[in-house]
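Step one of this worksheet: look at the structure below.
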Amino acid sequence: MKNKLYYAILLIVLVFKGNAQELSIDADIRPRAEYLRGFGNLVPSGVDAAIFVQQRSRLKFGYT
């Protein structure tokens with residue numbers, strides 16, 4: 001009788017453990033700096049260079 005009870009409890013634990021949900025949250029932040037000064041062609045006289053920083057952000061959600 002005890003063996004049947006142990007097996008029943010084990011079966012219930014495995015069934016409910018298999019149905020668990022998981023939520024994961026992940027973030028990516030990618031800064032990118034650029035320095036532009038006439039790449040690919042001649043630089044005209046009197047033109048200043050350009051420097052700027054862009055950012056790409058990604059927020060990911062996962063559910064299983």
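Here, A, B, ... name the chains of the structure tokens in the order displayed, residue numbers run from 1 inside each chain, and ligands are numbered from 1 in the same displayed order.
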Just the strand (DSSP E) stuff from chain A, please, per backbone DSSP, written as a compact mmCIF listing (two decimals) with N, CA, C and O atoms, in the first residue's frame.
```
# COMPACT_ATOMS: atom_id res chain seq x y z
N LEU A 23 9.01 32.86 -17.48
CA LEU A 23 9.04 34.15 -18.16
C LEU A 23 10.45 34.68 -18.07
O LEU A 23 11.00 34.79 -16.98
N SER A 24 11.05 34.97 -19.22
CA SER A 24 12.40 35.51 -19.23
C SER A 24 12.38 36.87 -19.92
O SER A 24 11.68 37.08 -20.90
N ILE A 25 13.17 37.80 -19.38
CA ILE A 25 13.28 39.15 -19.93
C ILE A 25 14.76 39.41 -20.18
O ILE A 25 15.59 39.18 -19.31
N ASP A 26 15.08 39.88 -21.39
CA ASP A 26 16.46 40.14 -21.77
C ASP A 26 16.53 41.47 -22.50
O ASP A 26 15.59 41.84 -23.21
N ALA A 27 17.63 42.19 -22.33
CA ALA A 27 17.79 43.49 -22.98
C ALA A 27 19.15 43.58 -23.65
O ALA A 27 20.14 43.09 -23.12
N ASP A 28 19.18 44.18 -24.83
CA ASP A 28 20.42 44.47 -25.55
C ASP A 28 20.50 45.97 -25.78
O ASP A 28 19.55 46.58 -26.26
N ILE A 29 21.64 46.54 -25.44
CA ILE A 29 21.89 47.96 -25.71
C ILE A 29 23.18 48.02 -26.50
O ILE A 29 24.23 47.57 -26.02
N ARG A 30 23.12 48.58 -27.71
CA ARG A 30 24.28 48.62 -28.60
C ARG A 30 24.58 50.05 -29.03
O ARG A 30 23.97 50.56 -29.98
N PRO A 31 25.50 50.72 -28.37
CA PRO A 31 25.89 52.04 -28.83
C PRO A 31 26.86 51.92 -30.01
O PRO A 31 27.64 50.97 -30.09
N ARG A 32 26.79 52.88 -30.90
CA ARG A 32 27.64 52.86 -32.09
C ARG A 32 28.09 54.28 -32.40
O ARG A 32 27.27 55.16 -32.67
N ALA A 33 29.38 54.51 -32.37
CA ALA A 33 29.94 55.84 -32.65
C ALA A 33 30.47 55.89 -34.07
O ALA A 33 31.04 54.91 -34.56
N GLU A 34 30.27 57.03 -34.74
CA GLU A 34 30.75 57.21 -36.10
C GLU A 34 31.49 58.53 -36.22
O GLU A 34 31.09 59.53 -35.64
N TYR A 35 32.55 58.50 -36.99
CA TYR A 35 33.33 59.69 -37.29
C TYR A 35 33.36 59.82 -38.81
O TYR A 35 33.94 58.99 -39.50
N LEU A 36 32.68 60.81 -39.33
CA LEU A 36 32.56 60.99 -40.78
C LEU A 36 33.44 62.15 -41.24
O LEU A 36 33.33 63.26 -40.74
N ALA A 50 32.16 65.17 -38.88
CA ALA A 50 30.95 64.93 -38.09
C ALA A 50 31.18 63.73 -37.18
O ALA A 50 31.69 62.69 -37.61
N ILE A 51 30.85 63.90 -35.92
CA ILE A 51 30.94 62.81 -34.95
C ILE A 51 29.57 62.66 -34.28
O ILE A 51 29.00 63.65 -33.82
N PHE A 52 29.06 61.44 -34.25
CA PHE A 52 27.79 61.21 -33.56
C PHE A 52 27.73 59.79 -33.04
O PHE A 52 28.49 58.92 -33.46
N VAL A 53 26.85 59.58 -32.08
CA VAL A 53 26.67 58.26 -31.45
C VAL A 53 25.20 57.87 -31.61
O VAL A 53 24.31 58.64 -31.27
N GLN A 54 24.98 56.67 -32.12
CA GLN A 54 23.63 56.12 -32.23
C GLN A 54 23.49 54.98 -31.23
O GLN A 54 24.48 54.37 -30.83
N GLN A 55 22.27 54.70 -30.84
CA GLN A 55 22.02 53.60 -29.91
C GLN A 55 20.87 52.75 -30.42
O GLN A 55 19.83 53.27 -30.80
N ARG A 56 21.10 51.44 -30.42
CA ARG A 56 20.04 50.50 -30.76
C ARG A 56 19.72 49.70 -29.51
O ARG A 56 20.60 49.10 -28.90
N SER A 57 18.47 49.71 -29.13
CA SER A 57 18.04 48.99 -27.92
C SER A 57 17.02 47.93 -28.31
O SER A 57 16.19 48.14 -29.19
N ARG A 58 17.11 46.80 -27.64
CA ARG A 58 16.17 45.70 -27.91
C ARG A 58 15.76 45.11 -26.57
O ARG A 58 16.59 44.81 -25.72
N LEU A 59 14.47 44.94 -26.39
CA LEU A 59 13.92 44.33 -25.17
C LEU A 59 13.19 43.07 -25.60
O LEU A 59 12.28 43.13 -26.43
N LYS A 60 13.62 41.93 -25.07
CA LYS A 60 13.07 40.64 -25.50
C LYS A 60 12.34 39.97 -24.33
O LYS A 60 12.83 39.98 -23.21
N PHE A 61 11.17 39.42 -24.62
CA PHE A 61 10.40 38.65 -23.65
C PHE A 61 10.25 37.23 -24.16
O PHE A 61 9.98 37.02 -25.34
N GLY A 62 10.42 36.27 -23.29
CA GLY A 62 10.25 34.87 -23.65
C GLY A 62 9.30 34.19 -22.66
O GLY A 62 9.37 34.44 -21.46
N TYR A 63 8.44 33.36 -23.17
CA TYR A 63 7.47 32.65 -22.33
C TYR A 63 7.43 31.20 -22.76
O TYR A 63 7.22 30.90 -23.95
```
Point to revise | alpha helix (DSSP H) call set, DSSP backbone run, chain A, as a list in words | key: Lys2, Asn3, Lys4, Leu5, Tyr6, Tyr7, Ala8, Ile9, Leu10, Leu11, Ile12, Val13, Leu14, Val15, Phe16, Lys17 and Gly18 of chain A
Could the residues in this selection be saved with N, CA, C and O atoms as a PDB file, in the first residue's frame?
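And here is the file that came out, part-v3.pdb:
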```
ATOM      1  N   LYS A   2       1.961   1.220   0.782  1.00  0.00           N
ATOM      2  CA  LYS A   2       2.834   2.395   0.837  1.00  0.00           C
ATOM      3  C   LYS A   2       3.502   2.658  -0.508  1.00  0.00           C
ATOM      4  O   LYS A   2       3.683   3.800  -0.895  1.00  0.00           O
ATOM      5  N   ASN A   3       3.852   1.592  -1.232  1.00  0.00           N
ATOM      6  CA  ASN A   3       4.487   1.772  -2.531  1.00  0.00           C
ATOM      7  C   ASN A   3       3.546   2.467  -3.508  1.00  0.00           C
ATOM      8  O   ASN A   3       3.980   3.324  -4.277  1.00  0.00           O
ATOM      9  N   LYS A   4       2.287   2.099  -3.501  1.00  0.00           N
ATOM     10  CA  LYS A   4       1.309   2.744  -4.383  1.00  0.00           C
ATOM     11  C   LYS A   4       1.139   4.211  -4.033  1.00  0.00           C
ATOM     12  O   LYS A   4       1.013   5.062  -4.914  1.00  0.00           O
ATOM     13  N   LEU A   5       1.155   4.531  -2.748  1.00  0.00           N
ATOM     14  CA  LEU A   5       1.039   5.919  -2.323  1.00  0.00           C
ATOM     15  C   LEU A   5       2.255   6.728  -2.766  1.00  0.00           C
ATOM     16  O   LEU A   5       2.123   7.845  -3.255  1.00  0.00           O
ATOM     17  N   TYR A   6       3.443   6.154  -2.628  1.00  0.00           N
ATOM     18  CA  TYR A   6       4.662   6.836  -3.064  1.00  0.00           C
ATOM     19  C   TYR A   6       4.653   7.075  -4.574  1.00  0.00           C
ATOM     20  O   TYR A   6       5.016   8.144  -5.054  1.00  0.00           O
ATOM     21  N   TYR A   7       4.233   6.076  -5.324  1.00  0.00           N
ATOM     22  CA  TYR A   7       4.163   6.224  -6.776  1.00  0.00           C
ATOM     23  C   TYR A   7       3.118   7.266  -7.186  1.00  0.00           C
ATOM     24  O   TYR A   7       3.329   8.041  -8.117  1.00  0.00           O
ATOM     25  N   ALA A   8       2.016   7.307  -6.489  1.00  0.00           N
ATOM     26  CA  ALA A   8       0.970   8.294  -6.790  1.00  0.00           C
ATOM     27  C   ALA A   8       1.476   9.710  -6.507  1.00  0.00           C
ATOM     28  O   ALA A   8       1.266  10.631  -7.299  1.00  0.00           O
ATOM     29  N   ILE A   9       2.158   9.893  -5.384  1.00  0.00           N
ATOM     30  CA  ILE A   9       2.704  11.224  -5.054  1.00  0.00           C
ATOM     31  C   ILE A   9       3.776  11.627  -6.063  1.00  0.00           C
ATOM     32  O   ILE A   9       3.816  12.770  -6.530  1.00  0.00           O
ATOM     33  N   LEU A  10       4.636  10.689  -6.440  1.00  0.00           N
ATOM     34  CA  LEU A  10       5.664  10.960  -7.437  1.00  0.00           C
ATOM     35  C   LEU A  10       5.053  11.345  -8.776  1.00  0.00           C
ATOM     36  O   LEU A  10       5.500  12.299  -9.436  1.00  0.00           O
ATOM     37  N   LEU A  11       4.009  10.649  -9.184  1.00  0.00           N
ATOM     38  CA  LEU A  11       3.330  10.957 -10.443  1.00  0.00           C
ATOM     39  C   LEU A  11       2.704  12.354 -10.414  1.00  0.00           C
ATOM     40  O   LEU A  11       2.821  13.115 -11.366  1.00  0.00           O
ATOM     41  N   ILE A  12       2.068  12.710  -9.310  1.00  0.00           N
ATOM     42  CA  ILE A  12       1.448  14.040  -9.179  1.00  0.00           C
ATOM     43  C   ILE A  12       2.509  15.135  -9.232  1.00  0.00           C
ATOM     44  O   ILE A  12       2.344  16.154  -9.917  1.00  0.00           O
ATOM     45  N   VAL A  13       3.630  14.918  -8.549  1.00  0.00           N
ATOM     46  CA  VAL A  13       4.714  15.915  -8.555  1.00  0.00           C
ATOM     47  C   VAL A  13       5.270  16.093  -9.964  1.00  0.00           C
ATOM     48  O   VAL A  13       5.496  17.215 -10.417  1.00  0.00           O
ATOM     49  N   LEU A  14       5.485  15.004 -10.681  1.00  0.00           N
ATOM     50  CA  LEU A  14       6.027  15.095 -12.034  1.00  0.00           C
ATOM     51  C   LEU A  14       5.053  15.760 -12.996  1.00  0.00           C
ATOM     52  O   LEU A  14       5.453  16.519 -13.874  1.00  0.00           O
ATOM     53  N   VAL A  15       3.770  15.494 -12.852  1.00  0.00           N
ATOM     54  CA  VAL A  15       2.769  16.093 -13.738  1.00  0.00           C
ATOM     55  C   VAL A  15       2.705  17.594 -13.520  1.00  0.00           C
ATOM     56  O   VAL A  15       2.705  18.390 -14.466  1.00  0.00           O
ATOM     57  N   PHE A  16       2.654  18.030 -12.274  1.00  0.00           N
ATOM     58  CA  PHE A  16       2.560  19.464 -12.012  1.00  0.00           C
ATOM     59  C   PHE A  16       3.875  20.180 -12.270  1.00  0.00           C
ATOM     60  O   PHE A  16       3.893  21.339 -12.648  1.00  0.00           O
ATOM     61  N   LYS A  17       4.994  19.509 -12.084  1.00  0.00           N
ATOM     62  CA  LYS A  17       6.281  20.127 -12.365  1.00  0.00           C
ATOM     63  C   LYS A  17       6.462  20.322 -13.867  1.00  0.00           C
ATOM     64  O   LYS A  17       7.072  21.281 -14.309  1.00  0.00           O
ATOM     65  N   GLY A  18       5.943  19.446 -14.681  1.00  0.00           N
ATOM     66  CA  GLY A  18       6.062  19.558 -16.132  1.00  0.00           C
ATOM     67  C   GLY A  18       5.238  20.690 -16.709  1.00  0.00           C
ATOM     68  O   GLY A  18       5.488  21.139 -17.819  1.00  0.00           O
TER      69      GLY A  18
END
```
Review point. Counting only C-alpha atoms, what is within 10 Å of Asp48 of chain A, bar same-chain residues fewer than 3 positions away, as a PyMOL selection string?
Key: chain A and resi 36-38+43-45+51
For those residues, write N, CA and C atoms to a file as an mmCIF file, in the first residue's frame.
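Generated output (again-v4.cif):
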```cif
data_model
loop_
_atom_site.group_PDB
_atom_site.id
_atom_site.type_symbol
_atom_site.label_atom_id
_atom_site.label_comp_id
_atom_site.auth_asym_id
_atom_site.auth_seq_id
_atom_site.Cartn_x
_atom_site.Cartn_y
_atom_site.Cartn_z
ATOM 1 N N LEU A 36 32.681 60.811 -39.328
ATOM 2 C CA LEU A 36 32.562 60.989 -40.782
ATOM 3 C C LEU A 36 33.441 62.150 -41.241
ATOM 4 N N ARG A 37 34.318 61.838 -42.186
ATOM 5 C CA ARG A 37 35.144 62.892 -42.761
ATOM 6 C C ARG A 37 35.502 62.513 -44.188
ATOM 7 N N GLY A 38 34.511 62.376 -45.017
ATOM 8 C CA GLY A 38 34.750 62.152 -46.438
ATOM 9 C C GLY A 38 35.223 60.764 -46.797
ATOM 10 N N VAL A 43 38.130 65.014 -49.405
ATOM 11 C CA VAL A 43 37.520 65.943 -48.465
ATOM 12 C C VAL A 43 37.638 67.360 -49.027
ATOM 13 N N PRO A 44 36.516 68.047 -49.234
ATOM 14 C CA PRO A 44 36.590 69.432 -49.702
ATOM 15 C C PRO A 44 37.212 70.323 -48.613
ATOM 16 N N SER A 45 37.877 71.361 -49.024
ATOM 17 C CA SER A 45 38.495 72.254 -48.049
ATOM 18 C C SER A 45 37.422 73.050 -47.311
ATOM 19 N N ILE A 51 30.846 63.897 -35.924
ATOM 20 C CA ILE A 51 30.940 62.812 -34.947
ATOM 21 C C ILE A 51 29.573 62.663 -34.284
#
```
